[in-house]
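> Here you go, this is query.cif (mmCIF, C-alpha atoms and all ligand atoms).
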data_start
#
loop_
_atom_site.label_atom_id
_atom_site.label_comp_id
_atom_site.auth_asym_id
_atom_site.auth_seq_id
_atom_site.Cartn_x
_atom_site.Cartn_y
_atom_site.Cartn_z
CA MET A 1 -0.19 11.77 -19.91
CA THR A 2 1.88 13.75 -17.43
CA HIS A 3 -1.08 15.87 -16.46
CA SER A 4 -3.54 13.01 -16.23
CA PHE A 5 -1.14 11.14 -13.97
CA SER A 6 -0.73 14.19 -11.71
CA THR A 7 -4.50 14.52 -11.57
CA ALA A 8 -5.05 10.82 -10.85
CA PHE A 9 -2.46 10.91 -8.08
CA LEU A 10 -3.90 14.04 -6.46
CA LEU A 11 -7.42 12.60 -6.64
CA ALA A 12 -6.30 9.35 -5.00
CA LEU A 13 -4.46 11.36 -2.35
CA THR A 14 -7.51 13.52 -1.64
CA LEU A 15 -9.70 10.43 -1.41
CA MET A 16 -7.27 8.78 1.02
CA VAL A 17 -6.99 11.85 3.24
CA GLY A 18 -10.76 12.36 3.14
CA ILE A 19 -11.49 8.77 4.19
CA ARG A 20 -8.86 8.77 6.91
CA LEU A 21 -10.13 12.03 8.40
CA TRP A 22 -13.76 10.94 8.15
CA LEU A 23 -13.10 7.58 9.82
CA SER A 24 -11.06 9.13 12.61
CA GLN A 25 -13.82 11.67 13.22
CA ARG A 26 -16.35 8.84 13.46
CA GLN A 27 -14.10 6.92 15.84
CA ILE A 28 -13.69 9.91 18.17
CA ALA A 29 -17.43 10.62 18.15
CA HIS A 30 -18.43 7.00 18.71
CA VAL A 31 -16.00 6.36 21.55
CA THR A 32 -16.94 9.66 23.23
CA THR A 33 -20.67 8.87 23.02
CA HIS A 34 -20.16 5.48 24.69
CA ARG A 35 -17.74 6.78 27.30
CA SER A 36 -20.24 7.09 30.14
CA THR A 37 -21.30 3.44 30.50
CA VAL A 38 -19.56 0.10 30.38
CA PRO A 39 -21.18 -2.02 27.61
CA ALA A 40 -23.70 -4.47 29.12
CA GLN A 41 -21.69 -7.51 28.05
CA PHE A 42 -18.73 -6.33 30.19
CA LYS A 43 -20.67 -4.96 33.19
CA ASP A 44 -19.38 -7.56 35.65
CA ARG A 45 -15.89 -7.68 34.28
CA LEU A 46 -14.80 -4.08 33.93
CA GLU A 47 -14.84 -0.98 36.15
CA LEU A 48 -16.21 2.26 34.72
CA ALA A 49 -12.87 4.00 35.37
CA ALA A 50 -11.02 1.45 33.21
CA HIS A 51 -13.60 1.82 30.44
CA GLN A 52 -13.19 5.59 30.51
CA LYS A 53 -9.42 5.36 30.49
CA ALA A 54 -9.66 3.21 27.33
CA ALA A 55 -11.99 5.78 25.75
CA ASP A 56 -9.65 8.67 26.57
CA TYR A 57 -6.60 6.77 25.35
CA THR A 58 -8.32 5.89 22.06
CA VAL A 59 -9.43 9.47 21.51
CA ALA A 60 -5.94 10.83 22.32
CA GLN A 61 -4.32 8.39 19.89
CA THR A 62 -6.85 9.08 17.14
CA ARG A 63 -6.48 12.86 17.49
CA PHE A 64 -2.73 12.50 17.34
CA GLY A 65 -3.08 10.31 14.26
CA ARG A 66 -4.83 13.19 12.50
CA LEU A 67 -1.88 15.45 13.23
CA ALA A 68 0.59 12.82 12.04
CA LEU A 69 -1.45 12.44 8.85
CA ALA A 70 -1.16 16.16 8.16
CA SER A 71 2.61 15.99 8.52
CA GLU A 72 2.78 12.89 6.32
CA ILE A 73 0.93 14.70 3.52
CA VAL A 74 3.07 17.83 3.82
CA VAL A 75 6.23 15.70 3.55
CA LEU A 76 4.85 13.79 0.56
CA LEU A 77 3.91 16.96 -1.31
CA ALA A 78 7.17 18.73 -0.40
CA PHE A 79 9.26 15.87 -1.77
CA THR A 80 7.27 15.56 -4.99
CA PHE A 81 5.51 18.67 -6.32
CA GLY A 82 7.40 20.89 -3.89
CA GLY A 83 10.67 20.01 -5.62
CA GLY A 84 12.40 18.26 -2.70
CA LEU A 85 13.40 15.16 -4.64
CA GLN A 86 14.58 17.22 -7.60
CA ALA A 87 16.67 19.41 -5.27
CA LEU A 88 18.31 16.36 -3.68
CA HIS A 89 19.02 15.00 -7.16
CA ASP A 90 20.66 18.28 -8.19
CA LEU A 91 22.71 18.26 -5.01
CA TRP A 92 24.04 14.69 -5.32
CA SER A 93 24.37 14.37 -9.10
CA GLY A 94 27.00 17.12 -9.10
CA HIS A 95 29.24 15.10 -6.76
CA VAL A 96 28.67 11.37 -7.23
CA ASP A 97 27.31 8.99 -9.84
CA GLY A 98 26.24 5.38 -10.41
CA LEU A 99 25.39 3.28 -7.37
CA THR A 100 26.84 5.87 -4.96
CA TYR A 101 24.41 8.46 -6.31
CA GLY A 102 21.48 6.06 -5.82
CA VAL A 103 22.42 5.21 -2.24
CA ALA A 104 23.07 8.88 -1.38
CA LEU A 105 19.73 9.99 -2.83
CA ILE A 106 17.68 7.28 -1.11
CA PHE A 107 19.45 7.59 2.25
CA SER A 108 19.05 11.36 2.29
CA VAL A 109 15.29 11.03 1.72
CA MET A 110 15.10 8.45 4.51
CA ALA A 111 17.17 10.66 6.84
CA ILE A 112 14.92 13.67 6.25
CA SER A 113 11.76 11.61 6.76
CA SER A 114 13.06 10.18 10.04
CA LEU A 115 14.00 13.63 11.30
CA VAL A 116 10.47 14.85 10.58
CA ASP A 117 9.03 11.78 12.34
CA LEU A 118 11.23 12.14 15.41
CA PRO A 119 9.18 14.80 17.25
CA PHE A 120 6.04 12.72 16.59
CA ALA A 121 7.67 9.58 17.99
CA LEU A 122 8.85 11.56 21.03
CA TYR A 123 5.39 13.02 21.60
CA ARG A 124 3.73 9.62 21.27
CA GLN A 125 6.08 7.99 23.77
CA PHE A 126 6.69 10.76 26.30
CA VAL A 127 3.34 12.54 26.23
CA ILE A 128 0.55 10.14 25.21
CA GLU A 129 1.99 6.84 26.47
CA GLN A 130 3.33 8.64 29.54
CA GLN A 131 0.00 10.25 30.34
CA PHE A 132 -1.79 6.87 30.30
CA GLY A 133 0.91 5.16 32.32
CA PHE A 134 2.31 2.97 29.54
CA ASN A 135 5.69 4.55 29.02
CA ARG A 136 8.61 2.96 30.85
CA MET A 137 11.36 4.37 28.65
CA THR A 138 13.82 7.02 29.65
CA LEU A 139 14.81 9.58 27.03
CA ARG A 140 18.24 7.97 27.10
CA LEU A 141 16.85 4.51 26.20
CA PHE A 142 14.68 6.07 23.49
CA LEU A 143 17.68 7.75 21.88
CA THR A 144 19.86 4.63 22.22
CA ASP A 145 17.11 2.66 20.47
CA GLN A 146 17.00 5.20 17.66
CA LEU A 147 20.79 5.08 17.26
CA LYS A 148 20.83 1.28 17.26
CA GLN A 149 18.01 1.13 14.71
CA THR A 150 19.81 3.61 12.46
CA ALA A 151 23.10 1.70 12.72
CA LEU A 152 21.33 -1.59 12.01
CA GLY A 153 19.49 0.04 9.10
CA LEU A 154 22.78 1.22 7.61
CA VAL A 155 24.57 -2.10 8.11
CA ILE A 156 21.75 -4.14 6.59
CA GLY A 157 20.24 -1.52 4.29
CA THR A 158 23.39 -0.41 2.43
CA PRO A 159 24.31 -3.78 0.89
CA VAL A 160 20.64 -4.55 0.16
CA LEU A 161 20.14 -1.22 -1.59
CA LEU A 162 23.40 -1.61 -3.52
CA ALA A 163 22.29 -5.08 -4.66
CA VAL A 164 18.85 -3.82 -5.75
CA LEU A 165 20.27 -0.83 -7.66
CA TRP A 166 22.88 -3.06 -9.26
CA LEU A 167 20.24 -5.57 -10.41
CA MET A 168 18.14 -2.71 -11.78
CA ALA A 169 21.10 -1.41 -13.76
CA LYS A 170 22.44 -4.73 -15.06
CA MET A 171 19.56 -7.12 -15.61
CA GLY A 172 17.87 -5.56 -18.61
CA SER A 173 14.11 -5.27 -18.97
CA LEU A 174 13.40 -8.18 -16.60
CA TRP A 175 15.29 -6.52 -13.71
CA TRP A 176 12.10 -6.45 -11.61
CA LEU A 177 11.96 -10.25 -11.56
CA TYR A 178 15.54 -10.47 -10.27
CA VAL A 179 14.90 -7.78 -7.69
CA TRP A 180 11.81 -9.66 -6.55
CA LEU A 181 13.72 -12.94 -6.12
CA PHE A 182 16.44 -11.13 -4.23
CA TRP A 183 13.87 -9.33 -2.07
CA CYS A 184 12.06 -12.57 -1.15
CA GLY A 185 15.35 -14.25 -0.28
CA PHE A 186 16.39 -11.29 1.85
CA ASN A 187 13.08 -11.28 3.75
CA LEU A 188 13.27 -14.98 4.48
CA LEU A 189 16.83 -14.53 5.72
CA ILE A 190 15.74 -11.74 8.08
CA LEU A 191 12.86 -13.85 9.42
CA PHE A 192 15.39 -16.56 10.09
CA LEU A 193 17.99 -14.30 11.72
CA TYR A 194 15.61 -12.03 13.64
CA PRO A 195 14.99 -14.12 16.78
CA THR A 196 18.60 -15.04 17.47
CA TRP A 197 20.58 -12.10 16.05
CA ILE A 198 18.45 -8.97 15.88
CA ALA A 199 15.86 -9.10 18.68
CA PRO A 200 18.56 -9.61 21.39
CA LEU A 201 20.11 -6.26 20.39
CA PHE A 202 17.05 -4.56 21.86
CA ASN A 203 15.77 -6.90 24.58
CA LYS A 204 16.90 -9.56 26.98
CA PHE A 205 15.46 -13.05 26.49
CA THR A 206 15.63 -15.44 29.41
CA PRO A 207 14.35 -19.02 29.41
CA LEU A 208 10.99 -19.32 31.18
CA ASP A 209 11.75 -20.71 34.64
CA ASP A 210 8.31 -20.84 36.25
CA ALA A 211 8.12 -24.65 36.63
CA PRO A 212 4.32 -25.17 36.95
CA LEU A 213 3.61 -22.78 34.07
CA LYS A 214 6.32 -24.40 31.98
CA ALA A 215 4.84 -27.86 32.58
CA ARG A 216 1.39 -26.59 31.62
CA ILE A 217 2.70 -25.03 28.42
CA GLU A 218 4.73 -28.07 27.48
CA ALA A 219 1.64 -30.22 27.88
CA LEU A 220 -0.25 -27.87 25.55
CA LEU A 221 2.56 -28.00 22.96
CA GLU A 222 2.55 -31.78 23.19
CA ARG A 223 -1.25 -31.91 22.72
CA CYS A 224 -1.01 -29.66 19.68
CA GLY A 225 1.98 -31.51 18.22
CA PHE A 226 4.19 -28.46 18.18
CA ALA A 227 7.99 -28.43 18.38
CA SER A 228 9.84 -25.31 19.44
CA SER A 229 13.39 -24.53 20.39
CA GLY A 230 12.39 -22.90 23.64
CA LEU A 231 10.14 -20.76 25.78
CA PHE A 232 11.48 -17.32 26.54
CA VAL A 233 10.52 -14.33 28.61
CA MET A 234 11.29 -10.93 27.12
CA ASP A 235 11.85 -7.82 29.24
CA GLY A 236 9.08 -5.85 27.49
CA SER A 237 8.64 -3.83 30.69
CA LYS A 238 11.92 -2.09 29.83
CA ARG A 239 9.98 0.03 27.33
CA SER A 240 6.27 -0.29 27.84
CA ASN A 241 3.50 -1.62 30.06
CA HIS A 242 1.67 -3.15 27.10
CA GLY A 243 1.72 -6.97 27.25
CA ASN A 244 1.97 -9.56 24.51
CA ALA A 245 3.09 -13.04 23.44
CA TYR A 246 4.40 -14.14 20.07
CA PHE A 247 6.31 -16.68 18.05
CA THR A 248 9.35 -16.06 15.97
CA GLY A 249 11.42 -18.06 13.56
CA PHE A 250 10.88 -21.07 11.37
CA GLY A 251 11.24 -24.81 11.69
CA LYS A 252 13.61 -25.74 14.47
CA THR A 253 14.50 -22.15 15.37
CA LYS A 254 10.91 -21.41 16.40
CA ARG A 255 10.76 -19.65 19.73
CA ILE A 256 7.85 -18.75 21.90
CA VAL A 257 8.27 -15.39 23.53
CA PHE A 258 6.20 -14.01 26.41
CA PHE A 259 6.46 -10.39 27.50
CA ASP A 260 7.21 -10.22 31.23
CA THR A 261 4.31 -7.74 31.40
CA LEU A 262 1.93 -10.47 30.18
CA LEU A 263 3.10 -13.14 32.63
CA GLY A 264 2.77 -10.66 35.49
CA ARG A 265 -0.95 -10.22 34.88
CA LEU A 266 -2.42 -13.48 33.68
CA GLN A 267 -3.16 -16.70 35.54
CA PRO A 268 -1.42 -19.82 34.17
CA THR A 269 -4.63 -21.06 32.50
CA GLU A 270 -4.99 -17.68 30.79
CA VAL A 271 -1.37 -17.69 29.59
CA GLU A 272 -2.04 -21.16 28.23
CA ALA A 273 -5.12 -19.92 26.36
CA VAL A 274 -3.24 -16.95 24.87
CA LEU A 275 -0.47 -19.25 23.72
CA ALA A 276 -3.02 -21.68 22.26
CA HIS A 277 -4.39 -18.75 20.24
CA GLU A 278 -0.88 -18.13 18.87
CA LEU A 279 -0.51 -21.85 18.12
CA GLY A 280 -3.81 -21.59 16.25
CA HIS A 281 -2.23 -18.99 13.94
CA PHE A 282 0.60 -21.36 13.33
CA LYS A 283 -1.53 -24.48 12.80
CA HIS A 284 -3.77 -22.64 10.34
CA ARG A 285 -0.62 -21.52 8.50
CA HIS A 286 -1.54 -17.86 8.84
CA VAL A 287 2.06 -16.72 8.85
CA LEU A 288 2.85 -18.64 5.67
CA LYS A 289 -0.31 -17.36 3.99
CA ARG A 290 0.57 -13.82 4.93
CA ILE A 291 4.11 -14.17 3.61
CA ALA A 292 2.83 -15.70 0.35
CA LEU A 293 0.34 -12.84 -0.05
CA LEU A 294 2.96 -10.15 0.62
CA PHE A 295 5.40 -11.80 -1.78
CA SER A 296 2.81 -12.01 -4.57
CA MET A 297 1.79 -8.41 -4.00
CA SER A 298 5.40 -7.26 -4.19
CA LEU A 299 5.80 -9.17 -7.46
CA VAL A 300 2.84 -7.29 -8.93
CA PHE A 301 4.16 -3.95 -7.68
CA LEU A 302 7.64 -4.58 -9.05
CA ALA A 303 6.21 -5.64 -12.44
CA VAL A 304 4.27 -2.36 -12.52
CA LEU A 305 7.41 -0.44 -11.62
CA GLY A 306 9.18 -2.32 -14.40
CA GLN A 307 6.77 -0.61 -16.82
CA LEU A 308 6.81 2.83 -15.17
CA ILE A 309 10.55 3.21 -14.88
CA ASP A 310 11.01 4.25 -18.52
CA ALA A 311 7.93 6.47 -18.70
CA PRO A 312 8.79 10.20 -18.45
CA TRP A 313 5.20 11.00 -17.37
CA PHE A 314 5.70 8.93 -14.19
CA TYR A 315 8.50 11.25 -13.03
CA GLN A 316 7.19 14.53 -14.41
CA GLY A 317 3.67 13.78 -13.26
CA LEU A 318 5.07 13.77 -9.72
CA GLY A 319 7.05 16.99 -10.15
CA VAL A 320 10.49 15.48 -10.85
CA GLN A 321 12.61 16.07 -13.96
CA ALA A 322 15.44 13.66 -13.17
CA GLN A 323 14.82 10.15 -14.50
CA ASN A 324 16.82 7.25 -13.04
CA THR A 325 16.40 3.98 -11.16
CA ALA A 326 16.90 5.35 -7.63
CA MET A 327 14.39 8.12 -8.31
CA ALA A 328 11.90 5.60 -9.68
CA LEU A 329 12.19 3.53 -6.50
CA LEU A 330 11.63 6.59 -4.30
CA LEU A 331 8.63 7.82 -6.25
CA PHE A 332 7.17 4.36 -6.19
CA PHE A 333 7.43 4.15 -2.40
CA PHE A 334 5.63 7.47 -2.16
CA VAL A 335 2.76 6.64 -4.51
CA VAL A 336 2.06 2.96 -3.78
CA PRO A 337 0.45 3.54 -0.34
CA VAL A 338 -1.80 6.22 -1.85
CA PHE A 339 -3.03 4.03 -4.68
CA THR A 340 -3.38 0.89 -2.54
CA PHE A 341 -5.08 2.57 0.43
CA LEU A 342 -8.46 1.18 -0.57
CA LEU A 343 -7.10 -2.35 -0.15
CA THR A 344 -6.74 -1.72 3.62
CA PRO A 345 -10.21 -3.10 4.53
CA LEU A 346 -9.50 -6.29 2.55
CA MET A 347 -6.27 -6.89 4.43
CA SER A 348 -8.04 -6.13 7.72
CA LEU A 349 -10.83 -8.55 6.84
CA LEU A 350 -8.35 -11.33 6.13
CA SER A 351 -6.56 -10.65 9.38
CA ARG A 352 -9.80 -10.67 11.42
CA ARG A 353 -10.75 -14.01 9.89
CA HIS A 354 -7.43 -15.38 11.02
CA GLU A 355 -8.06 -14.08 14.53
CA PHE A 356 -11.41 -15.89 14.71
CA GLU A 357 -9.77 -19.11 13.51
CA ALA A 358 -7.04 -18.77 16.13
CA ASP A 359 -9.61 -18.09 18.86
CA ARG A 360 -11.57 -21.19 17.86
CA TYR A 361 -8.38 -23.24 17.97
CA ALA A 362 -7.59 -21.91 21.44
CA GLY A 363 -11.10 -22.73 22.64
CA LYS A 364 -10.68 -26.27 21.41
CA HIS A 365 -7.16 -27.02 22.66
CA ALA A 366 -7.06 -24.91 25.81
CA SER A 367 -10.11 -23.17 27.27
CA ALA A 368 -12.47 -20.67 25.67
CA ASP A 369 -13.40 -19.43 29.12
CA ALA A 370 -9.78 -18.76 30.10
CA LEU A 371 -9.22 -16.95 26.80
CA ILE A 372 -12.21 -14.69 27.50
CA LYS A 373 -10.77 -13.85 30.91
CA ALA A 374 -7.35 -13.20 29.39
CA LEU A 375 -8.81 -11.01 26.61
CA VAL A 376 -10.78 -8.88 29.04
CA LYS A 377 -7.65 -8.37 31.14
CA LEU A 378 -5.56 -7.54 28.08
CA TYR A 379 -8.14 -5.08 26.76
CA GLU A 380 -8.22 -3.44 30.16
CA GLU A 381 -4.45 -3.37 30.66
CA ASN A 382 -3.80 -2.07 27.14
CA ALA A 383 -6.68 0.42 27.44
CA SER A 384 -8.13 -0.80 24.13
CA THR A 385 -11.61 0.50 23.54
CA LEU A 386 -14.52 -1.93 23.76
CA THR A 387 -16.73 0.43 21.75
CA PRO A 388 -14.95 1.20 18.47
CA ASP A 389 -16.87 2.84 15.65
CA PRO A 390 -18.10 -0.10 13.52
CA LEU A 391 -16.96 1.41 10.20
CA HIS A 392 -13.57 2.46 11.57
CA SER A 393 -13.14 -1.06 12.93
CA LEU A 394 -14.26 -2.65 9.65
CA PHE A 395 -11.74 -0.59 7.73
CA TYR A 396 -8.62 -0.79 9.90
CA ASP A 397 -8.84 -3.35 12.67
CA SER A 398 -6.62 -6.39 12.41
CA HIS A 399 -8.51 -7.88 15.37
CA PRO A 400 -12.29 -8.23 15.58
CA PRO A 401 -13.99 -5.99 18.17
CA ALA A 402 -13.75 -7.43 21.70
CA ALA A 403 -17.52 -7.87 22.04
CA LEU A 404 -17.66 -10.07 18.94
CA ARG A 405 -14.64 -12.19 19.82
CA ILE A 406 -15.91 -12.76 23.33
CA SER A 407 -19.46 -13.64 22.32
CA ARG A 408 -18.16 -16.22 19.85
CA LEU A 409 -15.86 -17.68 22.50
CA ALA A 410 -18.71 -17.73 25.02
CA GLN A 411 -20.83 -19.65 22.53
CA GLN A 412 -17.99 -22.12 22.05
CA ALA A 413 -17.51 -22.46 25.82
CA SER A 414 -21.20 -23.22 26.41
CA SER A 415 -21.41 -25.75 23.57
CA THR A 416 -18.60 -27.94 24.94
ZN ZN B 1 -4.04 -13.44 16.96
#
Using structure tokens, write down the structure that the file contains.


Amino acid sequence: MTHSFSTAFLLALTLMVGIRLWLSQRQIAHVTTHRSTVPAQFKDRLELAAHQKAADYTVAQTRFGRLALASEIVVLLAFTFGGGLQALHDLWSGHVDGLTYGVALIFSVMAISSLVDLPFALYRQFVIEQQFGFNRMTLRLFLTDQLKQTALGLVIGTPVLLAVLWLMAKMGSLWWLYVWLFWCGFNLLILFLYPTWIAPLFNKFTPLDDAPLKARIEALLERCGFASSGLFVMDGSKRSNHGNAYFTGFGKTKRIVFFDTLLGRLQPTEVEAVLAHELGHFKHRHVLKRIALLFSMSLVFLAVLGQLIDAPWFYQGLGVQAQNTAMALLLFFFVVPVFTFLLTPLMSLLSRRHEFEADRYAGKHASADALIKALVKLYEENASTLTPDPLHSLFYDSHPPAALRISRLAQQASST
């Protein structure tokens, strides 16, 4: 069993790496081939220079993704078959035991992984984003962010991890059900606390004070029967030139947040259309559906882990001799993404459907034409490619390709 599990894991890993490399190769080739001309549909809306910048940015990101993939695989293999996890176990088990051992083991793996990721994060921000004019961070802000995230991770993560390890140790064979309930409760709590307690640690939120825009948005909210506890502008420009708008929170704590970078670029009717798209997500209950899906998937995963945790082949098949709850959790986090990789296109498909529904809602309650204008501007400003490889897009993209979204919106605009 040990050997078959090792073989199955290595096969799944090879398949995942093969598909990811193949798709990225296709993406680079497709974008490069279409670099020289603006697609006909966008001829009047987009300059060639902007189209080429988007192509170059996409290629740079995709190439870098291949490098990051290589590092990810090296880390995965070093921790498992390379003996990294076993070595950390040997190190800690000589000094501490029980819950302390579990926390020490898991935190040391997380610390090592973040250290390996750090140069990649630095390169992404200060070389790629910088080169395309998106970076607005200083090295000092970048490091402060990292420190804050680590501190927050420790403050929140330590008690959560202690609770999970405790439930695993004390709750008998149904521990995974208790862990799942705890996990769902914790996630809901974070969703609730995020807008008012966590997000302000990283950004400033000021109430929207542009009176005409505010009146326009309030009229839209009224039309759509939507109650929120406020409209806020976030200083996204502190870190990046990418623009966005989103909702956070539940029930009465719902907030609508606009990046200052978005408001700076769009006309009021376009901001209204973008917000109507976000309202569409809410009205179609996309957030709830997504949460329900993630919760049910985590229940399945935990039930599987509940079976694996006592199976020696699960540990030994991944190159680890030590058998305990913390180790089981770590191994599980390493193998789940490999075995579930082929679900990616299903999740992307679901997400793209939701985007179409939200676009249709925006076309109905605001203006399809204004949303088209806003989308073209956002694609241009974010240097998103208009000519993705169709297979790459089908597999990964959470948003439908621009050409498709815009032609559907144009159809809607002409039929009303
Ligand atoms: Zn959307």

> In Å, rounded to a single decimal, give me how far CA of Thr58 in chain A is from CA of Gln27 in chain A.

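That distance, rounded to one decimal, is 8.6 Å.
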
> Skipping near chain neighbours, those fewer than 5 positions away, what residues fall within 8 Å of Gly102 in chain A using all atoms listed in the file, listed as a PyMOL selection string?

chain A and resi 97+165+325-327

> Next, write the just-selected residues to a file, as a PDB file, in the frame of the given file, keeping C-alpha atoms as the atom set.


ATOM      1  CA  ASP A  97      27.310   8.990  -9.840  1.00  0.00           C
ATOM      2  CA  LEU A 165      20.270  -0.830  -7.660  1.00  0.00           C
ATOM      3  CA  THR A 325      16.400   3.980 -11.160  1.00  0.00           C
ATOM      4  CA  ALA A 326      16.900   5.350  -7.630  1.00  0.00           C
ATOM      5  CA  MET A 327      14.390   8.120  -8.310  1.00  0.00           C
TER       6      MET A 327
END

> Would you pick out the contacts of Thr32 in chain A at 12 Å or less, using only C-alpha atoms, so that residues sharing its chain but fewer than 2 positions from it are not included, and give the list as an NGL selection string?

:A and (25-30 or 34-37 or 51-60 or 62 or 385-389)

> When the cut-off is 7 Å and you count all atoms listed in the file, which residues lie near ligand ZN 1 (chain B), shown as a ChimeraX atom specification?

/A:277-278,281,355,358

> If we count all atoms listed in the file, what is near Asn382 in chain A at a cut-off of 7 Å, once residues fewer than 3 positions away on the same chain are taken out, given as number ranges by chain?

A: 242, 378-379

> In Å, how far is it from CA of Tyr361 in chain A to CA of Ala276 in chain A?

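We find that CA of Tyr361 in chain A and CA of Ala276 in chain A lie 7.0 Å from each other.
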
> Quick one: everything within 8 Å of range 128-137 of chain A, counting all atoms listed in the file, minus sequence neighbours fewer than 4 positions away in the same chain. Send it as a ChimeraX atom specification.

/A:53,57,60-61,123-124,141-142,237-242

> May I have the residues within 10 Å of Thr344 in chain A as a PyMOL selection string, using all atoms listed in the file and disregarding those fewer than 6 positions away in the same chain?

chain A and resi 337+394-398

> At a cut-off of 10 Å from (-5.9, -13.5, 5.9) in the coordinates of the file, what residues are picked up using all atoms listed in the file, written as a compact mmCIF listing (two decimals) with C-alpha atoms, in the frame of the given file?


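For reference, out_27.txt as written:
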# COMPACT_ATOMS: atom_id res chain seq x y z
CA ARG A 285 -0.62 -21.52 8.50
CA HIS A 286 -1.54 -17.86 8.84
CA VAL A 287 2.06 -16.72 8.85
CA LYS A 289 -0.31 -17.36 3.99
CA ARG A 290 0.57 -13.82 4.93
CA LEU A 293 0.34 -12.84 -0.05
CA LEU A 346 -9.50 -6.29 2.55
CA MET A 347 -6.27 -6.89 4.43
CA SER A 348 -8.04 -6.13 7.72
CA LEU A 349 -10.83 -8.55 6.84
CA LEU A 350 -8.35 -11.33 6.13
CA SER A 351 -6.56 -10.65 9.38
CA ARG A 352 -9.80 -10.67 11.42
CA ARG A 353 -10.75 -14.01 9.89
CA HIS A 354 -7.43 -15.38 11.02
CA GLU A 355 -8.06 -14.08 14.53
CA SER A 398 -6.62 -6.39 12.41

> Hey, which of A:Leu305, A:Ala215, A:Ala362, A:Val17 ends up closest to Leu330 in chain A? Count only C-alpha atoms.

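Nearest candidate to Leu330 in chain A out of A:Leu305, A:Ala215, A:Ala362, A:Val17: A:Leu305.
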
> Between A:Ala87, A:Leu342, A:Val257, A:Leu308, single out the one closest to Ala199 in chain A, counting all atoms listed in the file.

A:Val257

> Could you check which residues have any atom within 7 Å of (14.0, -8.8, 25.5), counting only C-alpha atoms with coordinates taken straight from the file, and then list them as an MDAnalysis selection string?

chainID A and resid 200 202:205 234:236

> Could you check which of A:Pro390, A:Phe192, A:Phe339, A:Lys373 is closest to Leu13 in chain A, using only C-alpha atoms?

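For Leu13 in chain A, the nearest of the given residues is A:Phe339.
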
> Which one is closest to Ile372 in chain A: A:Arg408, A:Arg265, A:His399, A:Lys283? Count all atoms listed in the file.

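Under the stated criterion, the closest residue is A:Arg408.
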